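Content type PDB, C-alpha atoms, pLDDT in the B column, from the file data21.pdb:
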MODEL        1
ATOM      1  CA  MET A1341     -10.036  -5.785 -23.824  1.00 56.00           C
ATOM      2  CA  LYS A1342      -7.000  -6.365 -25.998  1.00 72.00           C
ATOM      3  CA  LEU A1343      -4.497  -5.561 -23.227  1.00 70.00           C
ATOM      4  CA  GLY A1344      -6.193  -7.775 -20.648  1.00 76.00           C
ATOM      5  CA  ILE A1345      -6.706  -5.021 -18.062  1.00 75.00           C
ATOM      6  CA  SER A1346      -9.902  -4.059 -16.276  1.00 76.00           C
ATOM      7  CA  GLU A1347     -12.048  -1.157 -17.416  1.00 77.00           C
ATOM      8  CA  SER A1348     -11.325   0.660 -14.145  1.00 75.00           C
ATOM      9  CA  LEU A1349      -7.554   0.468 -14.661  1.00 73.00           C
ATOM     10  CA  ALA A1350      -7.900   1.579 -18.282  1.00 76.00           C
ATOM     11  CA  GLY A1351     -10.071   4.525 -17.188  1.00 77.00           C
ATOM     12  CA  VAL A1352      -7.686   5.606 -14.445  1.00 75.00           C
ATOM     13  CA  THR A1353      -4.716   5.349 -16.823  1.00 76.00           C
ATOM     14  CA  PHE A1354      -6.510   7.405 -19.472  1.00 76.00           C
ATOM     15  CA  LEU A1355      -7.463   9.975 -16.832  1.00 77.00           C
ATOM     16  CA  ALA A1356      -3.851  10.212 -15.632  1.00 77.00           C
ATOM     17  CA  PHE A1357      -2.582  10.810 -19.180  1.00 76.00           C
ATOM     18  CA  GLY A1358      -5.261  13.439 -19.783  1.00 78.00           C
ATOM     19  CA  ASN A1359      -4.500  15.169 -16.487  1.00 75.00           C
ATOM     20  CA  GLY A1360      -0.718  15.086 -16.898  1.00 75.00           C
ATOM     21  CA  ALA A1361      -0.471  16.027 -20.574  1.00 78.00           C
ATOM     22  CA  PRO A1362      -0.868  19.810 -20.071  1.00 78.00           C
ATOM     23  CA  ASP A1363       1.817  19.776 -17.357  1.00 75.00           C
ATOM     24  CA  VAL A1364       4.264  17.910 -19.566  1.00 73.00           C
ATOM     25  CA  ILE A1365       3.603  20.110 -22.597  1.00 77.00           C
ATOM     26  CA  SER A1366       3.969  23.331 -20.593  1.00 74.00           C
ATOM     27  CA  ALA A1367       7.170  21.998 -18.989  1.00 73.00           C
ATOM     28  CA  LEU A1368       8.619  21.197 -22.421  1.00 71.00           C
ATOM     29  CA  SER A1369       7.656  24.619 -23.698  1.00 73.00           C
ATOM     30  CA  ALA A1370       9.100  26.412 -20.642  1.00 70.00           C
ATOM     31  CA  SER A1371      12.360  24.476 -20.776  1.00 66.00           C
ATOM     32  CA  GLY A1372      12.924  25.385 -24.423  1.00 68.00           C
ATOM     33  CA  GLY A1373      13.589  29.039 -23.602  1.00 64.00           C
ATOM     34  CA  ASP A1374      16.281  30.498 -21.383  1.00 66.00           C
ATOM     35  CA  ALA A1375      18.253  28.583 -18.745  1.00 65.00           C
ATOM     36  CA  GLY A1376      15.815  29.535 -15.977  1.00 67.00           C
ATOM     37  CA  GLY A1377      12.973  27.842 -17.837  1.00 69.00           C
ATOM     38  CA  VAL A1378      14.253  24.385 -16.955  1.00 68.00           C
ATOM     39  CA  TYR A1379      14.226  25.211 -13.252  1.00 72.00           C
ATOM     40  CA  LEU A1380      10.763  26.732 -13.571  1.00 74.00           C
ATOM     41  CA  ALA A1381       9.473  23.601 -15.316  1.00 74.00           C
ATOM     42  CA  ILE A1382      10.991  21.246 -12.718  1.00 74.00           C
ATOM     43  CA  GLY A1383       9.660  23.341  -9.844  1.00 77.00           C
ATOM     44  CA  SER A1384       6.226  23.457 -11.399  1.00 76.00           C
ATOM     45  CA  LEU A1385       6.059  19.691 -11.901  1.00 75.00           C
ATOM     46  CA  LEU A1386       7.337  18.917  -8.394  1.00 78.00           C
ATOM     47  CA  GLY A1387       4.958  21.470  -6.890  1.00 80.00           C
ATOM     48  CA  ALA A1388       1.992  19.992  -8.746  1.00 78.00           C
ATOM     49  CA  GLY A1389       2.960  16.519  -7.570  1.00 77.00           C
ATOM     50  CA  LEU A1390       3.268  17.642  -3.968  1.00 80.00           C
ATOM     51  CA  PHE A1391      -0.085  19.433  -4.152  1.00 83.00           C
ATOM     52  CA  VAL A1392      -1.859  16.361  -5.513  1.00 79.00           C
ATOM     53  CA  SER A1393      -0.224  13.982  -3.046  1.00 78.00           C
ATOM     54  CA  SER A1394      -0.965  16.171  -0.031  1.00 82.00           C
ATOM     55  CA  VAL A1395      -3.990  18.425  -0.533  1.00 86.00           C
ATOM     56  CA  VAL A1396      -6.024  16.365  -3.004  1.00 82.00           C
ATOM     57  CA  ALA A1397      -5.331  13.076  -1.225  1.00 80.00           C
ATOM     58  CA  SER A1398      -6.273  14.645   2.121  1.00 85.00           C
ATOM     59  CA  VAL A1399      -9.548  16.047   0.796  1.00 88.00           C
ATOM     60  CA  VAL A1400     -10.470  12.696  -0.760  1.00 83.00           C
ATOM     61  CA  ILE A1401      -9.698  10.822   2.467  1.00 83.00           C
ATOM     62  CA  LEU A1402     -11.590  13.309   4.638  1.00 88.00           C
ATOM     63  CA  SER A1403     -14.636  13.335   2.367  1.00 89.00           C
ATOM     64  CA  ALA A1404     -14.919   9.534   2.124  1.00 84.00           C
ATOM     65  CA  LYS A1405     -18.000   8.164   3.854  1.00 86.00           C
ATOM     66  CA  ASP A1406     -16.422   4.774   4.559  1.00 86.00           C
ATOM     67  CA  PRO A1407     -12.917   4.122   5.889  1.00 85.00           C
ATOM     68  CA  ILE A1408     -10.268   3.786   3.204  1.00 81.00           C
ATOM     69  CA  HIS A1409      -8.146   0.688   3.590  1.00 83.00           C
ATOM     70  CA  VAL A1410      -4.728   0.600   1.950  1.00 81.00           C
ATOM     71  CA  LEU A1411      -2.396  -2.371   2.028  1.00 86.00           C
ATOM     72  CA  PRO A1412       0.933  -1.405   3.626  1.00 88.00           C
ATOM     73  CA  SER A1413       2.866  -3.072   0.797  1.00 88.00           C
ATOM     74  CA  VAL A1414       1.013  -1.017  -1.830  1.00 83.00           C
ATOM     75  CA  PHE A1415       1.517   2.200   0.147  1.00 83.00           C
ATOM     76  CA  LEU A1416       5.246   1.544   0.605  1.00 87.00           C
ATOM     77  CA  ARG A1417       5.667   0.627  -3.077  1.00 86.00           C
ATOM     78  CA  ASP A1418       3.937   3.781  -4.320  1.00 82.00           C
ATOM     79  CA  THR A1419       5.593   6.189  -1.882  1.00 82.00           C
ATOM     80  CA  GLY A1420       8.984   4.577  -2.464  1.00 86.00           C
ATOM     81  CA  PHE A1421       8.793   5.070  -6.197  1.00 84.00           C
ATOM     82  CA  TYR A1422       7.344   8.563  -5.743  1.00 82.00           C
ATOM     83  CA  MET A1423      10.299   9.540  -3.545  1.00 83.00           C
ATOM     84  CA  LEU A1424      12.838   7.963  -5.906  1.00 85.00           C
ATOM     85  CA  GLY A1425      12.035  10.414  -8.728  1.00 80.00           C
ATOM     86  CA  PRO A1426      12.928  13.624  -6.858  1.00 80.00           C
ATOM     87  CA  ILE A1427      16.009  11.920  -5.371  1.00 82.00           C
ATOM     88  CA  ILE A1428      17.314  11.061  -8.844  1.00 80.00           C
ATOM     89  CA  LEU A1429      16.437  14.577 -10.000  1.00 76.00           C
ATOM     90  CA  ALA A1430      18.300  16.114  -7.041  1.00 76.00           C
ATOM     91  CA  ILE A1431      21.392  14.010  -7.768  1.00 79.00           C
ATOM     92  CA  ALA A1432      21.253  15.031 -11.427  1.00 76.00           C
ATOM     93  CA  ALA A1433      20.792  18.690 -10.486  1.00 72.00           C
ATOM     94  CA  ALA A1434      23.761  18.518  -8.105  1.00 76.00           C
ATOM     95  CA  THR A1435      25.956  17.824 -11.117  1.00 77.00           C
ATOM     96  CA  VAL A1436      24.673  21.174 -12.490  1.00 68.00           C
ATOM     97  CA  GLN A1437      23.631  19.505 -15.706  1.00 68.00           C
ATOM     98  CA  LEU A1438      20.527  17.487 -16.433  1.00 68.00           C
ATOM     99  CA  SER A1439      21.840  14.872 -18.805  1.00 76.00           C
ATOM    100  CA  ILE A1440      20.643  12.065 -21.039  1.00 83.00           C
ATOM    101  CA  PRO A1441      21.697   9.351 -18.515  1.00 83.00           C
ATOM    102  CA  ALA A1442      19.609  11.041 -15.800  1.00 80.00           C
ATOM    103  CA  SER A1443      16.622  11.191 -18.159  1.00 81.00           C
ATOM    104  CA  ILE A1444      17.036   7.546 -19.109  1.00 87.00           C
ATOM    105  CA  THR A1445      17.309   6.609 -15.423  1.00 86.00           C
ATOM    106  CA  LEU A1446      14.009   8.341 -14.690  1.00 83.00           C
ATOM    107  CA  LEU A1447      12.331   6.541 -17.606  1.00 87.00           C
ATOM    108  CA  VAL A1448      13.709   3.180 -16.452  1.00 90.00           C
ATOM    109  CA  VAL A1449      12.446   3.802 -12.905  1.00 87.00           C
ATOM    110  CA  TYR A1450       9.012   4.602 -14.348  1.00 84.00           C
ATOM    111  CA  LEU A1451       9.012   1.432 -16.446  1.00 87.00           C
ATOM    112  CA  ILE A1452      10.007  -0.642 -13.401  1.00 88.00           C
ATOM    113  CA  PHE A1453       7.151   0.988 -11.462  1.00 83.00           C
ATOM    114  CA  VAL A1454       4.674   0.101 -14.206  1.00 80.00           C
ATOM    115  CA  ILE A1455       5.911  -3.492 -14.310  1.00 84.00           C
ATOM    116  CA  VAL A1456       5.842  -3.852 -10.510  1.00 80.00           C
TER     117      VAL A1456
ENDMDL
END
Give the structure from this file in structure tokens form.
Amino acid sequence: MKLGISESLAGVTFLAFGNGAPDVISALSASGGDAGGVYLAIGSLLGAGLFVSSVVASVVILSAKDPIHVLPSVFLRDTGFYMLGPIILAIAAATVQLSIPASITLLVVYLIFVIV
């Protein structure tokens, strides 16, 4: 491949974009309306993330035929970054205004996660 990544990683990345695109588009459309739309969009995205990380992950683990082994360093990295997003969002929301610096901070955290 041109990017030098495995087919599995490329497939999972493509699947994540395909799965997340409707959520992002509906959040952008909801936030374009009245002031309550932004809160609805944020709540929807956080709720979807919590559902996937709790219910879907639990069902996958319980339905696995073989034990699932996860390296502690990988688990701590992923959960740490996953917790950092809502923390930054909560700090930004406490200022009662979601601003460009908060948005840039979230993008930078995502880029650092991808690089790590």
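The space between atom CA of Val1364 of chain A and atom CA of Leu1380 of chain A spans 12.5 Å.
What the PyMOL selection byres ((chain A and resi 1446) around 12) picks from this file is Phe1421, Tyr1422, Met1423, Leu1424, Gly1425, Pro1426, Ile1427, Ile1428, Leu1429, Ala1430, Ile1431, Ala1432, Leu1438, Ser1439, Ile1440, Pro1441, Ala1442, Ser1443, Ile1444, Thr1445, Leu1447, Val1448, Val1449, Tyr1450, Leu1451, Ile1452 and Phe1453 of chain A.
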Dump of C-alpha atoms for the selected residues, as a PDB file, in the frame of the given file:
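The result, stored in out-v9.pdb:
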ATOM      1  CA  PHE A1421       8.793   5.070  -6.197  1.00 84.00           C
ATOM      2  CA  TYR A1422       7.344   8.563  -5.743  1.00 82.00           C
ATOM      3  CA  MET A1423      10.299   9.540  -3.545  1.00 83.00           C
ATOM      4  CA  LEU A1424      12.838   7.963  -5.906  1.00 85.00           C
ATOM      5  CA  GLY A1425      12.035  10.414  -8.728  1.00 80.00           C
ATOM      6  CA  PRO A1426      12.928  13.624  -6.858  1.00 80.00           C
ATOM      7  CA  ILE A1427      16.009  11.920  -5.371  1.00 82.00           C
ATOM      8  CA  ILE A1428      17.314  11.061  -8.844  1.00 80.00           C
ATOM      9  CA  LEU A1429      16.437  14.577 -10.000  1.00 76.00           C
ATOM     10  CA  ALA A1430      18.300  16.114  -7.041  1.00 76.00           C
ATOM     11  CA  ILE A1431      21.392  14.010  -7.768  1.00 79.00           C
ATOM     12  CA  ALA A1432      21.253  15.031 -11.427  1.00 76.00           C
ATOM     13  CA  LEU A1438      20.527  17.487 -16.433  1.00 68.00           C
ATOM     14  CA  SER A1439      21.840  14.872 -18.805  1.00 76.00           C
ATOM     15  CA  ILE A1440      20.643  12.065 -21.039  1.00 83.00           C
ATOM     16  CA  PRO A1441      21.697   9.351 -18.515  1.00 83.00           C
ATOM     17  CA  ALA A1442      19.609  11.041 -15.800  1.00 80.00           C
ATOM     18  CA  SER A1443      16.622  11.191 -18.159  1.00 81.00           C
ATOM     19  CA  ILE A1444      17.036   7.546 -19.109  1.00 87.00           C
ATOM     20  CA  THR A1445      17.309   6.609 -15.423  1.00 86.00           C
ATOM     21  CA  LEU A1447      12.331   6.541 -17.606  1.00 87.00           C
ATOM     22  CA  VAL A1448      13.709   3.180 -16.452  1.00 90.00           C
ATOM     23  CA  VAL A1449      12.446   3.802 -12.905  1.00 87.00           C
ATOM     24  CA  TYR A1450       9.012   4.602 -14.348  1.00 84.00           C
ATOM     25  CA  LEU A1451       9.012   1.432 -16.446  1.00 87.00           C
ATOM     26  CA  ILE A1452      10.007  -0.642 -13.401  1.00 88.00           C
ATOM     27  CA  PHE A1453       7.151   0.988 -11.462  1.00 83.00           C
TER      28      PHE A1453
END
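Note that atom CA of Tyr1379 of chain A and atom CA of Ala1434 of chain A are 12.7 Å apart.
Across A:Thr1353, A:Ile1382, A:Ser1348, A:Lys1342, the tightest approach to Ala1433 of chain A is made by A:Ile1382 when counting all atoms listed in the file.
The two atoms in question, atom CA of Pro1362 of chain A and atom CA of Phe1415 of chain A, are spaced 26.9 Å apart.
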Could you write out as JSON the box around segment 1395-1402 of chain A (axis-aligned, all atoms listed in the file, 4 Å on each side), with centre and edge lengths in Å to one decimal?
{"center_x": -7.8, "center_y": 14.6, "center_z": 0.8, "size_x": 15.6, "size_y": 15.6, "size_z": 15.6}
